[in-house]
>>> print(open('data-v8.cif').read())   # mmCIF, C-alpha atoms and all ligand atoms
data_final
loop_
_atom_site.label_atom_id
_atom_site.label_comp_id
_atom_site.auth_asym_id
_atom_site.auth_seq_id
_atom_site.Cartn_x
_atom_site.Cartn_y
_atom_site.Cartn_z
CA MET A 3 -6.29 1.83 13.12
CA LYS A 4 -2.98 3.63 12.74
CA VAL A 5 -0.43 3.12 15.48
CA VAL A 6 1.99 5.89 16.36
CA LEU A 7 5.19 5.26 18.27
CA GLN A 8 6.65 8.50 19.53
CA ASN A 9 10.25 8.52 20.77
CA LEU A 10 9.80 5.15 22.47
CA THR A 11 12.65 4.20 24.76
CA LYS A 12 12.96 1.24 27.09
CA ILE A 13 15.82 0.98 29.55
CA PHE A 14 16.17 -2.08 31.77
CA PRO A 15 18.09 -1.54 35.00
CA SER A 16 21.26 -3.51 35.53
CA ARG A 17 20.88 -6.89 37.16
CA ASN A 18 24.58 -6.98 37.84
CA LYS A 19 25.29 -4.89 40.97
CA LYS A 20 28.98 -4.61 40.12
CA SER A 21 28.75 -3.32 36.55
CA ASN A 22 25.67 -1.13 37.07
CA GLU A 23 25.24 -1.07 33.33
CA GLU A 24 21.67 -0.61 32.20
CA VAL A 25 20.38 -2.12 28.98
CA VAL A 26 18.89 0.28 26.46
CA ALA A 27 16.63 -2.28 24.76
CA VAL A 28 14.86 0.27 22.56
CA ASN A 29 16.29 3.69 21.85
CA ASP A 30 14.13 6.60 20.65
CA PHE A 31 11.93 4.66 18.24
CA SER A 32 9.49 6.82 16.28
CA PHE A 33 7.25 5.49 13.54
CA GLU A 34 3.69 5.83 12.32
CA ILE A 35 2.27 2.44 11.32
CA PRO A 36 -0.38 3.16 8.69
CA ASP A 37 -3.89 1.82 9.17
CA GLY A 38 -4.43 -1.74 7.97
CA LYS A 39 -0.81 -2.49 7.15
CA LEU A 40 1.41 -5.37 8.18
CA ILE A 41 4.76 -4.24 9.55
CA GLY A 42 7.67 -6.63 10.01
CA LEU A 43 9.99 -5.81 12.91
CA LEU A 44 13.28 -7.37 11.99
CA GLY A 45 16.72 -7.73 13.49
CA PRO A 46 19.14 -10.09 15.19
CA SER A 47 18.55 -11.55 18.62
CA GLY A 48 18.57 -8.91 21.33
CA CYS A 49 17.98 -5.93 19.04
CA GLY A 50 14.81 -4.91 20.87
CA LYS A 51 12.08 -6.29 18.61
CA SER A 52 10.13 -8.09 21.31
CA THR A 53 10.51 -5.21 23.75
CA THR A 54 9.00 -2.88 21.13
CA LEU A 55 6.11 -5.28 20.62
CA TYR A 56 5.55 -5.64 24.37
CA MET A 57 5.42 -1.88 24.72
CA ILE A 58 2.79 -1.67 21.98
CA SER A 59 0.83 -4.42 23.74
CA GLY A 60 1.08 -2.81 27.17
CA LEU A 61 2.92 -5.77 28.69
CA GLN A 62 5.87 -3.46 29.23
CA LYS A 63 5.84 0.22 30.05
CA PRO A 64 8.15 2.50 28.08
CA THR A 65 10.80 4.35 30.06
CA SER A 66 9.91 7.36 27.92
CA GLY A 67 7.90 8.11 24.81
CA LYS A 68 4.28 7.66 23.84
CA ILE A 69 2.07 5.20 21.97
CA PHE A 70 -1.12 6.18 20.17
CA PHE A 71 -3.78 3.94 18.64
CA GLY A 72 -5.49 6.29 16.21
CA ASP A 73 -5.76 9.51 18.21
CA ASP A 74 -5.96 7.72 21.60
CA ASP A 75 -2.92 7.94 23.80
CA VAL A 76 -2.71 4.36 25.12
CA THR A 77 0.68 4.70 26.83
CA GLU A 78 -0.81 4.33 30.31
CA LEU A 79 -3.51 1.80 29.40
CA SER A 80 -3.27 -1.82 30.54
CA THR A 81 -3.04 -4.61 27.96
CA GLU A 82 -6.69 -5.61 28.58
CA ASN A 83 -7.88 -2.13 27.76
CA ARG A 84 -5.83 -1.60 24.63
CA GLY A 85 -7.75 -3.92 22.35
CA VAL A 86 -4.74 -5.86 21.14
CA GLY A 87 -4.57 -9.47 19.97
CA LEU A 88 -1.33 -11.21 20.91
CA VAL A 89 0.21 -14.33 19.40
CA PHE A 90 3.47 -15.70 20.72
CA GLN A 91 6.01 -18.23 19.53
CA ASN A 92 4.77 -20.88 21.94
CA TYR A 93 1.08 -20.90 21.36
CA ALA A 94 0.23 -21.58 25.03
CA LEU A 95 -3.16 -23.12 24.39
CA TYR A 96 -4.99 -24.58 27.39
CA PRO A 97 -4.37 -28.32 26.99
CA HIS A 98 -7.48 -29.45 28.85
CA MET A 99 -9.81 -27.30 26.72
CA THR A 100 -11.09 -28.01 23.23
CA VAL A 101 -10.25 -25.73 20.31
CA LYS A 102 -13.64 -24.08 20.69
CA GLN A 103 -13.17 -23.49 24.41
CA ASN A 104 -9.71 -22.09 23.79
CA ILE A 105 -11.05 -19.62 21.25
CA LEU A 106 -14.00 -18.65 23.43
CA PHE A 107 -11.85 -18.13 26.51
CA PRO A 108 -10.88 -14.46 25.95
CA LEU A 109 -14.55 -13.55 25.36
CA GLN A 110 -15.75 -15.35 28.46
CA ASN A 111 -13.19 -13.42 30.43
CA LEU A 112 -14.59 -10.06 29.37
CA LYS A 113 -16.39 -8.13 32.07
CA GLY A 114 -19.62 -6.15 32.27
CA ALA A 115 -20.94 -4.39 29.18
CA ASP A 116 -18.02 -5.64 27.10
CA LYS A 117 -19.11 -9.25 27.51
CA PRO A 118 -21.04 -10.41 24.46
CA SER A 119 -24.10 -12.64 24.66
CA LYS A 120 -23.55 -16.39 24.44
CA GLU A 121 -24.84 -16.48 20.86
CA GLU A 122 -22.57 -13.66 19.81
CA MET A 123 -19.58 -15.34 21.43
CA LEU A 124 -20.25 -18.54 19.51
CA GLU A 125 -20.73 -16.62 16.30
CA ARG A 126 -17.46 -14.75 16.77
CA ALA A 127 -15.57 -17.91 17.69
CA HIS A 128 -16.93 -19.61 14.61
CA TYR A 129 -16.02 -16.65 12.40
CA ALA A 130 -12.44 -16.58 13.77
CA ALA A 131 -12.08 -20.34 13.37
CA LYS A 132 -13.32 -20.16 9.80
CA LEU A 133 -10.92 -17.35 9.02
CA VAL A 134 -7.95 -19.49 10.04
CA GLN A 135 -9.55 -22.62 8.57
CA ILE A 136 -9.86 -24.72 11.70
CA ASP A 137 -13.65 -24.71 11.94
CA GLU A 138 -13.66 -28.47 11.32
CA LEU A 139 -11.48 -29.06 14.37
CA MET A 140 -13.48 -27.26 17.04
CA ASP A 141 -13.99 -30.28 19.30
CA ARG A 142 -10.40 -31.46 19.38
CA LYS A 143 -7.92 -30.88 22.18
CA PRO A 144 -4.63 -29.09 21.34
CA SER A 145 -2.67 -32.36 21.69
CA GLU A 146 -4.70 -33.72 18.79
CA LEU A 147 -3.56 -30.94 16.43
CA SER A 148 -0.43 -30.37 14.37
CA GLY A 149 1.87 -27.47 15.25
CA GLY A 150 0.50 -25.40 12.40
CA GLN A 151 -3.08 -26.05 13.47
CA GLN A 152 -2.25 -25.14 17.07
CA GLN A 153 -0.74 -21.88 15.90
CA ARG A 154 -3.91 -21.15 13.92
CA VAL A 155 -5.98 -21.70 17.05
CA ALA A 156 -3.73 -19.18 18.80
CA ILE A 157 -4.36 -16.71 15.98
CA ALA A 158 -8.11 -17.34 16.12
CA ARG A 159 -8.01 -16.75 19.88
CA ALA A 160 -6.27 -13.41 19.25
CA LEU A 161 -8.77 -12.44 16.54
CA VAL A 162 -11.93 -13.34 18.41
CA LYS A 163 -11.80 -10.18 20.52
CA MET A 164 -11.76 -8.17 17.28
CA PRO A 165 -8.55 -6.44 18.27
CA ARG A 166 -7.67 -2.97 17.05
CA VAL A 167 -4.09 -4.14 16.58
CA LEU A 168 -2.69 -7.63 16.08
CA LEU A 169 0.75 -8.35 17.50
CA LEU A 170 2.67 -11.45 16.49
CA ASP A 171 5.96 -12.39 18.18
CA GLU A 172 7.90 -14.97 16.13
CA PRO A 173 4.65 -16.86 15.52
CA LEU A 174 6.20 -19.33 13.09
CA SER A 175 9.39 -20.30 14.92
CA ASN A 176 8.09 -23.62 16.18
CA LEU A 177 6.89 -24.82 12.79
CA ASP A 178 8.81 -26.87 10.26
CA ALA A 179 9.94 -25.26 7.00
CA ARG A 180 6.91 -26.22 4.91
CA LEU A 181 4.40 -25.23 7.56
CA ARG A 182 6.19 -21.96 8.14
CA LEU A 183 5.76 -21.05 4.52
CA GLN A 184 2.13 -22.07 4.48
CA THR A 185 1.28 -20.39 7.78
CA ARG A 186 2.99 -17.13 6.84
CA GLU A 187 0.87 -16.98 3.70
CA GLU A 188 -2.18 -17.67 5.87
CA ILE A 189 -1.27 -14.85 8.21
CA ARG A 190 -0.96 -12.51 5.27
CA ARG A 191 -4.34 -13.61 3.92
CA ILE A 192 -6.05 -13.24 7.28
CA GLN A 193 -4.47 -9.85 7.83
CA LYS A 194 -5.63 -8.63 4.42
CA GLU A 195 -9.13 -10.03 4.94
CA THR A 196 -9.58 -8.45 8.34
CA GLY A 197 -7.64 -5.24 7.60
CA ILE A 198 -6.28 -5.26 11.17
CA THR A 199 -3.08 -3.25 11.60
CA THR A 200 -0.48 -5.90 12.42
CA VAL A 201 3.03 -5.92 13.79
CA PHE A 202 5.00 -9.07 13.14
CA VAL A 203 8.30 -9.72 14.93
CA THR A 204 10.84 -12.05 13.39
CA HIS A 205 14.59 -12.50 13.07
CA ASP A 206 14.03 -14.20 9.70
CA GLN A 207 14.55 -11.63 6.97
CA GLU A 208 12.97 -13.75 4.27
CA GLU A 209 9.84 -14.20 6.35
CA ALA A 210 9.58 -10.48 7.06
CA MET A 211 10.24 -9.47 3.47
CA SER A 212 7.73 -11.90 2.03
CA ILE A 213 4.68 -10.82 4.00
CA SER A 214 5.25 -7.26 5.20
CA ASP A 215 4.00 -4.05 3.66
CA MET A 216 6.92 -2.38 5.38
CA ILE A 217 9.87 -3.60 7.37
CA VAL A 218 11.70 -1.99 10.25
CA VAL A 219 15.29 -3.17 10.63
CA MET A 220 16.68 -2.78 14.16
CA LYS A 221 20.13 -3.15 15.68
CA LEU A 222 20.96 -2.79 19.37
CA GLY A 223 17.70 -1.02 20.11
CA ILE A 224 18.13 1.51 17.31
CA VAL A 225 16.04 1.60 14.16
CA GLN A 226 18.34 1.38 11.16
CA GLN A 227 15.91 1.67 8.28
CA ILE A 228 12.17 1.61 7.60
CA GLY A 229 10.69 0.99 4.17
CA LYS A 230 9.03 -1.33 1.72
CA PRO A 231 10.94 -4.64 1.72
CA GLN A 232 12.13 -4.27 -1.87
CA ASP A 233 13.20 -0.65 -1.36
CA VAL A 234 15.26 -1.55 1.70
CA TYR A 235 16.85 -4.45 -0.15
CA ASP A 236 17.60 -2.29 -3.19
CA SER A 237 18.88 0.67 -1.22
CA PRO A 238 20.22 -0.19 2.25
CA VAL A 239 21.38 2.80 4.29
CA ASN A 240 24.34 1.02 5.85
CA LEU A 241 26.37 -2.18 5.75
CA PHE A 242 24.42 -3.75 8.62
CA VAL A 243 21.12 -3.51 6.71
CA ALA A 244 22.79 -4.64 3.46
CA LYS A 245 24.16 -7.72 5.22
CA PHE A 246 20.97 -8.49 7.08
CA LEU A 247 18.75 -8.72 3.99
CA GLY A 248 19.23 -11.24 1.20
CA THR A 249 20.04 -14.93 0.78
CA PRO A 250 22.70 -15.73 -0.16
CA PRO A 251 23.98 -12.69 1.72
CA ILE A 252 25.66 -9.74 0.09
CA ASN A 253 29.37 -10.17 -0.77
CA VAL A 254 31.61 -7.67 0.98
CA PHE A 255 35.02 -6.54 -0.28
CA ASN A 256 37.72 -4.23 0.98
CA GLY A 257 38.26 -1.61 -1.66
CA HIS A 258 39.26 1.95 -2.31
CA ILE A 259 38.35 4.92 -4.42
CA LYS A 260 41.03 6.78 -6.33
CA ASP A 261 40.35 9.51 -8.86
CA ASN A 262 36.69 8.49 -9.05
CA LYS A 263 37.55 4.92 -9.85
CA VAL A 264 36.33 2.11 -7.60
CA TYR A 265 38.90 -0.62 -6.95
CA ILE A 266 38.53 -4.07 -5.46
CA GLY A 267 42.15 -5.02 -4.80
CA GLU A 268 43.95 -3.98 -7.99
CA ASP A 269 40.86 -4.42 -10.16
CA MET A 270 39.05 -1.25 -11.21
CA VAL A 271 35.39 -2.25 -11.27
CA LEU A 272 33.51 1.01 -11.83
CA GLU A 273 33.96 4.70 -12.63
CA VAL A 274 31.91 7.08 -10.49
CA LYS A 275 31.39 10.83 -10.17
CA ASP A 276 32.59 13.07 -7.35
CA VAL A 277 33.48 10.54 -4.66
CA PRO A 278 36.57 11.55 -2.66
CA ASN A 279 39.57 9.23 -2.53
CA GLN A 280 39.28 6.85 0.43
CA GLU A 281 39.32 3.29 1.69
CA VAL A 282 35.83 1.76 1.47
CA LEU A 283 33.83 -1.40 1.93
CA ILE A 284 32.05 -2.58 -1.18
CA GLY A 285 28.94 -4.76 -1.09
CA ILE A 286 27.82 -6.66 -4.17
CA ARG A 287 24.60 -8.65 -4.20
CA PRO A 288 24.99 -12.24 -5.51
CA GLU A 289 22.87 -11.30 -8.55
CA GLY A 290 25.09 -8.29 -9.24
CA PHE A 291 27.83 -10.24 -11.03
CA VAL A 292 27.88 -10.68 -14.81
CA LEU A 293 30.13 -13.37 -16.26
CA GLN A 294 32.34 -11.62 -18.79
CA GLU A 295 35.48 -12.89 -20.47
CA ASN A 296 37.31 -9.60 -20.04
CA GLY A 297 35.33 -8.46 -16.99
CA PRO A 298 37.27 -6.22 -14.59
CA LEU A 299 36.97 -8.36 -11.43
CA GLN A 300 39.01 -11.53 -11.39
CA CYS A 301 38.24 -14.23 -8.84
CA ARG A 302 39.63 -17.68 -8.26
CA LEU A 303 36.99 -20.28 -9.11
CA ASN A 304 36.19 -22.81 -6.37
CA ASN A 305 32.99 -24.44 -7.34
CA VAL A 306 29.98 -24.24 -9.63
CA GLU A 307 26.64 -25.34 -8.19
CA VAL A 308 23.85 -25.86 -10.69
CA MET A 309 20.47 -25.11 -9.10
CA GLY A 310 18.12 -25.54 -12.05
CA ARG A 311 17.11 -22.06 -13.08
CA ASP A 312 20.29 -20.50 -11.70
CA VAL A 313 23.92 -21.34 -11.27
CA SER A 314 25.71 -20.44 -8.06
CA ILE A 315 29.40 -19.74 -8.53
CA VAL A 316 31.62 -19.95 -5.47
CA SER A 317 34.92 -18.13 -5.82
CA THR A 318 37.54 -16.31 -3.77
CA ASN A 319 39.37 -13.02 -3.98
CA ASP A 320 42.03 -11.65 -1.63
CA ALA A 321 40.01 -8.47 -1.13
CA SER A 322 36.87 -10.34 -0.08
CA ALA A 323 35.85 -9.81 3.55
CA ASN A 324 34.05 -13.17 3.54
CA PRO A 325 35.78 -16.53 3.07
CA VAL A 326 34.01 -17.02 -0.27
CA ILE A 327 32.13 -14.99 -2.85
CA ARG A 328 28.76 -16.28 -3.97
CA SER A 329 27.35 -15.11 -7.24
CA ILE A 330 24.08 -16.19 -8.82
CA ILE A 331 24.07 -16.38 -12.60
CA ASN A 332 21.32 -17.41 -14.96
CA ALA A 333 21.75 -21.08 -15.93
CA ASP A 334 21.77 -20.10 -19.62
CA ASN A 335 25.34 -18.94 -19.04
CA LYS A 336 27.85 -21.69 -19.65
CA VAL A 337 30.41 -21.81 -16.89
CA ASN A 338 33.57 -23.81 -17.34
CA SER A 339 33.89 -25.42 -13.92
CA ASP A 340 37.48 -26.54 -14.66
CA ALA A 341 38.76 -22.99 -15.20
CA GLU A 342 41.13 -21.57 -12.61
CA PHE A 343 39.69 -18.06 -12.71
CA VAL A 344 36.37 -16.44 -13.43
CA ARG A 345 35.93 -12.83 -14.50
CA TYR A 346 33.00 -10.58 -13.74
CA ALA A 347 31.58 -7.22 -14.64
CA ILE A 348 29.46 -5.67 -11.87
CA LYS A 349 25.91 -4.35 -12.24
CA PRO A 350 26.23 -0.84 -10.73
CA HIS A 351 22.76 -0.87 -9.10
CA LYS A 352 23.64 -4.09 -7.27
CA MET A 353 26.80 -2.60 -5.82
CA PHE A 354 26.90 -0.44 -2.69
CA ILE A 355 29.82 1.48 -1.27
CA PHE A 356 30.18 2.03 2.47
CA ASN A 357 32.36 4.27 4.59
CA LYS A 358 35.05 2.06 6.10
CA GLU A 359 34.84 3.71 9.54
CA ASN A 360 31.13 4.06 10.26
CA GLU A 361 29.84 1.64 7.60
CA GLU A 362 27.29 4.19 6.36
CA ARG A 363 26.40 4.13 2.68
CA ILE A 364 28.32 6.37 0.29
CA TYR A 365 25.93 7.19 -2.55
CA PHE A 366 27.44 7.52 -6.01
CA GLU A 367 26.55 8.24 -9.59
CA VAL A 368 28.02 6.13 -12.34
CA LYS A 369 30.26 8.08 -14.71
P1 LIG B 1 15.13 -12.13 20.43
O1 LIG B 1 15.00 -12.27 18.95
O2 LIG B 1 16.29 -12.90 20.99
O3 LIG B 1 13.86 -12.34 21.18
P2 LIG B 1 14.75 -9.28 20.60
O4 LIG B 1 15.24 -8.49 19.45
O5 LIG B 1 13.30 -9.52 20.68
O6 LIG B 1 15.58 -10.61 20.71
P3 LIG B 1 14.49 -8.10 23.21
O7 LIG B 1 13.91 -9.31 23.84
O8 LIG B 1 13.58 -6.97 22.92
O9 LIG B 1 15.27 -8.48 21.89
O10 LIG B 1 15.70 -7.60 24.12
C1 LIG B 1 16.44 -6.43 23.85
C2 LIG B 1 17.52 -6.25 24.92
O11 LIG B 1 16.91 -6.03 26.18
C3 LIG B 1 18.39 -7.48 25.10
O12 LIG B 1 19.72 -7.03 25.33
C4 LIG B 1 17.82 -8.16 26.32
O13 LIG B 1 18.81 -8.88 27.02
C5 LIG B 1 17.33 -6.98 27.13
N1 LIG B 1 16.16 -7.33 27.96
C6 LIG B 1 14.97 -7.79 27.52
N2 LIG B 1 14.11 -7.96 28.55
C7 LIG B 1 14.79 -7.63 29.66
C8 LIG B 1 14.46 -7.59 31.06
N3 LIG B 1 13.25 -7.92 31.50
N4 LIG B 1 15.42 -7.19 31.93
C9 LIG B 1 16.65 -6.82 31.50
N5 LIG B 1 17.02 -6.82 30.21
C10 LIG B 1 16.12 -7.21 29.29
#
>>> encode(input="data-v8.cif", output="structure tokens")
Amino acid sequence: MKVVLQNLTKIFPSRNKKSNEEVVAVNDFSFEIPDGKLIGLLGPSGCGKSTTLYMISGLQKPTSGKIFFGDDDVTELSTENRGVGLVFQNYALYPHMTVKQNILFPLQNLKGADKPSKEEMLERAHYAAKLVQIDELMDRKPSELSGGQQQRVAIARALVKMPRVLLLDEPLSNLDARLRLQTREEIRRIQKETGITTVFVTHDQEEAMSISDMIVVMKLGIVQQIGKPQDVYDSPVNLFVAKFLGTPPINVFNGHIKDNKVYIGEDMVLEVKDVPNQEVLIGIRPEGFVLQENGPLQCRLNNVEVMGRDVSIVSTNDASANPVIRSIINADNKVNSDAEFVRYAIKPHKMFIFNKENEERIYFEVK
């Protein structure tokens, strides 16, 4: 089932009588989510991810804009009639019910012709439980389950209604690091097996990038970029997106362009074609540095951290916008950790130039 968001806007009225300032939580969001795909909605706290999800679910009404499931305009439909499965950060299972009763609950609540027979309900509950691999735990109460198992029950409960669209709001936040990893892989598997179009909200870029077919990066209610995770990482449209994706984060420098030469401080790091002279911000991914004895960029060496396969070099440079520069170099490179300076060449495809005023990307060709 494809989901179409058409110029979705959500404005919350001011709660502060004095300031009268309304909050534009989501601003003119348009996107067609292809059938059967998993979309990661990504952005910092308050950027409007949850509000977007709630509008898709019907829990919140858009101020303007439309939502379609397939060709059906669902904008005015209630949550119950949309056919969505919802999973939240706090799983909110009923503590006095067993796993089986929790999963059956949404089916028992259905009315009239929609209500399946008792046999069918049990069959569907069993199928959902098996899908999330908790079919052995059906008679336990939620308090007798681990956090990861509880979250799987919540997913099974969302799946049992055979939703047209599955909506997940930070479903892994309450899990520890190992369980997060495991559960996110589970979610991906379940999503692929069922083929249900899924929207997954998270502020964790790594989580979104690892399981999504496409990611949507938002800032202050405005969509910044939509694309395949790798494409967005490799070609961010602005500094915000470049900084939001990647661990360690991108290194940012103050620089300038003069006569088609890109400078970081006094160091000329690259020659480009047809870029006007100007002050710029330069982003270089940690993997974009190449150790080179006569490399053009000189940095003061702070620390060398050996991490097995890779070496992380921490250095400083007066033109750096961050306190330190982190570069990731293959461990086959020998780094003299006693040296005062380290010199780098820059991989051009790992370097992005941004307009200093509006922080939009300035695209360039290497000379
Ligand atoms: P988080 O990751 O912290 O959950 P989010 O990206 O999901 O953040 P939203 O919850 O969608 O962000 O909120 C977007 C903006 O709308 C925020 O500025 C928030 O304060 C505001 N907002 C959300 N719900 C309401 C509401 N019911 N009334 C007024 N303002 C709201």
>>> residues_around(input="data-v8.cif", residues="Val282 of chain A", least_positions_apart="6", cutoff="8 Å", atoms="all atoms listed in the file", output="ChimeraX atom specification")
/A:256-259,355-358
>>> residues_around(input="data-v8.cif", residues="Leu10 of chain A", least_positions_apart="5", cutoff="8 Å", atoms="all atoms listed in the file", output="JSON, numbers by chain")
{"A": [28, 29, 30, 31, 32, 64, 65, 66, 67, 68, 69]}
>>> closest_atom_pairs(input="data-v8.cif", of="chain A", to="ligand LIG 1 (chain B)", cutoff="10 Å", atoms="only C-alpha atoms and all ligand atoms", output="tab-separated table")
residue	atom	partner	partner_atom	distance
A:Lys12	CA	B:LIG1	O11	8.3
A:Ile13	CA	B:LIG1	O11	7.9
A:Phe14	CA	B:LIG1	C9	4.8
A:Pro15	CA	B:LIG1	C9	6.5
A:Ser16	CA	B:LIG1	C9	7.0
A:Arg17	CA	B:LIG1	C9	7.1
A:Glu24	CA	B:LIG1	N5	8.0
A:Val25	CA	B:LIG1	N5	5.9
A:Val26	CA	B:LIG1	O11	6.6
A:Ala27	CA	B:LIG1	O11	4.0
A:Val28	CA	B:LIG1	C1	7.0
A:Leu43	CA	B:LIG1	O4	8.8
A:Leu44	CA	B:LIG1	O4	7.8
A:Gly45	CA	B:LIG1	O4	6.2
A:Pro46	CA	B:LIG1	O4	6.0
A:Ser47	CA	B:LIG1	O2	3.5
A:Gly48	CA	B:LIG1	O9	3.4
A:Cys49	CA	B:LIG1	O4	3.8
A:Gly50	CA	B:LIG1	O8	3.2
A:Lys51	CA	B:LIG1	O4	3.9
A:Ser52	CA	B:LIG1	O5	3.5
A:Thr53	CA	B:LIG1	O8	3.6
A:Thr54	CA	B:LIG1	O8	6.4
A:Leu55	CA	B:LIG1	O8	8.0
A:Tyr56	CA	B:LIG1	O8	8.3
A:Met57	CA	B:LIG1	O8	9.8
A:Gln62	CA	B:LIG1	N3	8.9
A:Gln91	CA	B:LIG1	O3	10.0
A:Asp171	CA	B:LIG1	O5	8.3
A:Glu172	CA	B:LIG1	O1	8.1
A:Val203	CA	B:LIG1	O5	7.6
A:Thr204	CA	B:LIG1	O1	6.9
A:His205	CA	B:LIG1	O1	5.9
A:Asp206	CA	B:LIG1	O1	9.5
A:Met220	CA	B:LIG1	O4	7.9
A:Lys221	CA	B:LIG1	O4	8.2
A:Leu222	CA	B:LIG1	C1	7.3
A:Gly223	CA	B:LIG1	C1	6.7
>>> residues_around(input="data-v8.cif", residues="Val76 of chain A", least_positions_apart="3", cutoff="12 Å", atoms="only C-alpha atoms", output="list in words")
Val5, Val6, Leu7, Gln8, Met57, Ile58, Ser59, Gly60, Lys63, Pro64, Gly67, Lys68, Ile69, Phe70, Phe71, Gly72, Asp73, Leu79, Ser80, Thr81, Glu82, Asn83, Arg84, Gly85, Val86 and Arg166 of chain A
>>> closest_residue(input="data-v8.cif", among="A:Ala127, A:Val274, A:Val89, A:Val313", to="Ser175 of chain A", atoms="only C-alpha atoms")
A:Val89
>>> closest_residue(input="data-v8.cif", among="A:Asn253, A:Ile224, A:Asn262, A:Lys163", to="Asn9 of chain A", atoms="all atoms listed in the file")
A:Ile224
>>> build_atoms(input="data-v8.cif", residues="segment 259-272 of chain A", atoms="N, CA and C atoms", output="CSV table (one decimal), in the frame of the given file")
chain,number,residue,atom,x,y,z
A,259,ILE,N,38.7,4.0,-3.3
A,259,ILE,CA,38.4,4.9,-4.4
A,259,ILE,C,39.5,5.8,-4.7
A,260,LYS,N,39.9,5.9,-5.9
A,260,LYS,CA,41.0,6.8,-6.3
A,260,LYS,C,40.6,7.4,-7.7
A,261,ASP,N,40.7,8.7,-7.7
A,261,ASP,CA,40.4,9.5,-8.9
A,261,ASP,C,39.0,9.1,-9.5
A,262,ASN,N,38.0,8.9,-8.6
A,262,ASN,CA,36.7,8.5,-9.0
A,262,ASN,C,36.6,7.1,-9.7
A,263,LYS,N,37.6,6.3,-9.4
A,263,LYS,CA,37.6,4.9,-9.8
A,263,LYS,C,37.4,4.0,-8.6
A,264,VAL,N,36.5,3.0,-8.7
A,264,VAL,CA,36.3,2.1,-7.6
A,264,VAL,C,37.2,0.8,-7.8
A,265,TYR,N,38.0,0.5,-6.8
A,265,TYR,CA,38.9,-0.6,-7.0
A,265,TYR,C,38.5,-1.7,-5.9
A,266,ILE,N,38.5,-2.9,-6.4
A,266,ILE,CA,38.5,-4.1,-5.5
A,266,ILE,C,39.9,-4.7,-5.6
A,267,GLY,N,40.7,-4.6,-4.6
A,267,GLY,CA,42.2,-5.0,-4.8
A,267,GLY,C,42.8,-4.1,-5.9
A,268,GLU,N,43.3,-4.8,-6.9
A,268,GLU,CA,44.0,-4.0,-8.0
A,268,GLU,C,43.0,-3.8,-9.1
A,269,ASP,N,41.8,-4.4,-9.0
A,269,ASP,CA,40.9,-4.4,-10.2
A,269,ASP,C,39.9,-3.2,-10.1
A,270,MET,N,39.9,-2.4,-11.2
A,270,MET,CA,39.0,-1.2,-11.2
A,270,MET,C,37.7,-1.7,-11.7
A,271,VAL,N,36.7,-1.6,-10.9
A,271,VAL,CA,35.4,-2.2,-11.3
A,271,VAL,C,34.3,-1.2,-11.8
A,272,LEU,N,34.5,0.0,-11.4
A,272,LEU,CA,33.5,1.0,-11.8
A,272,LEU,C,34.1,2.4,-11.8
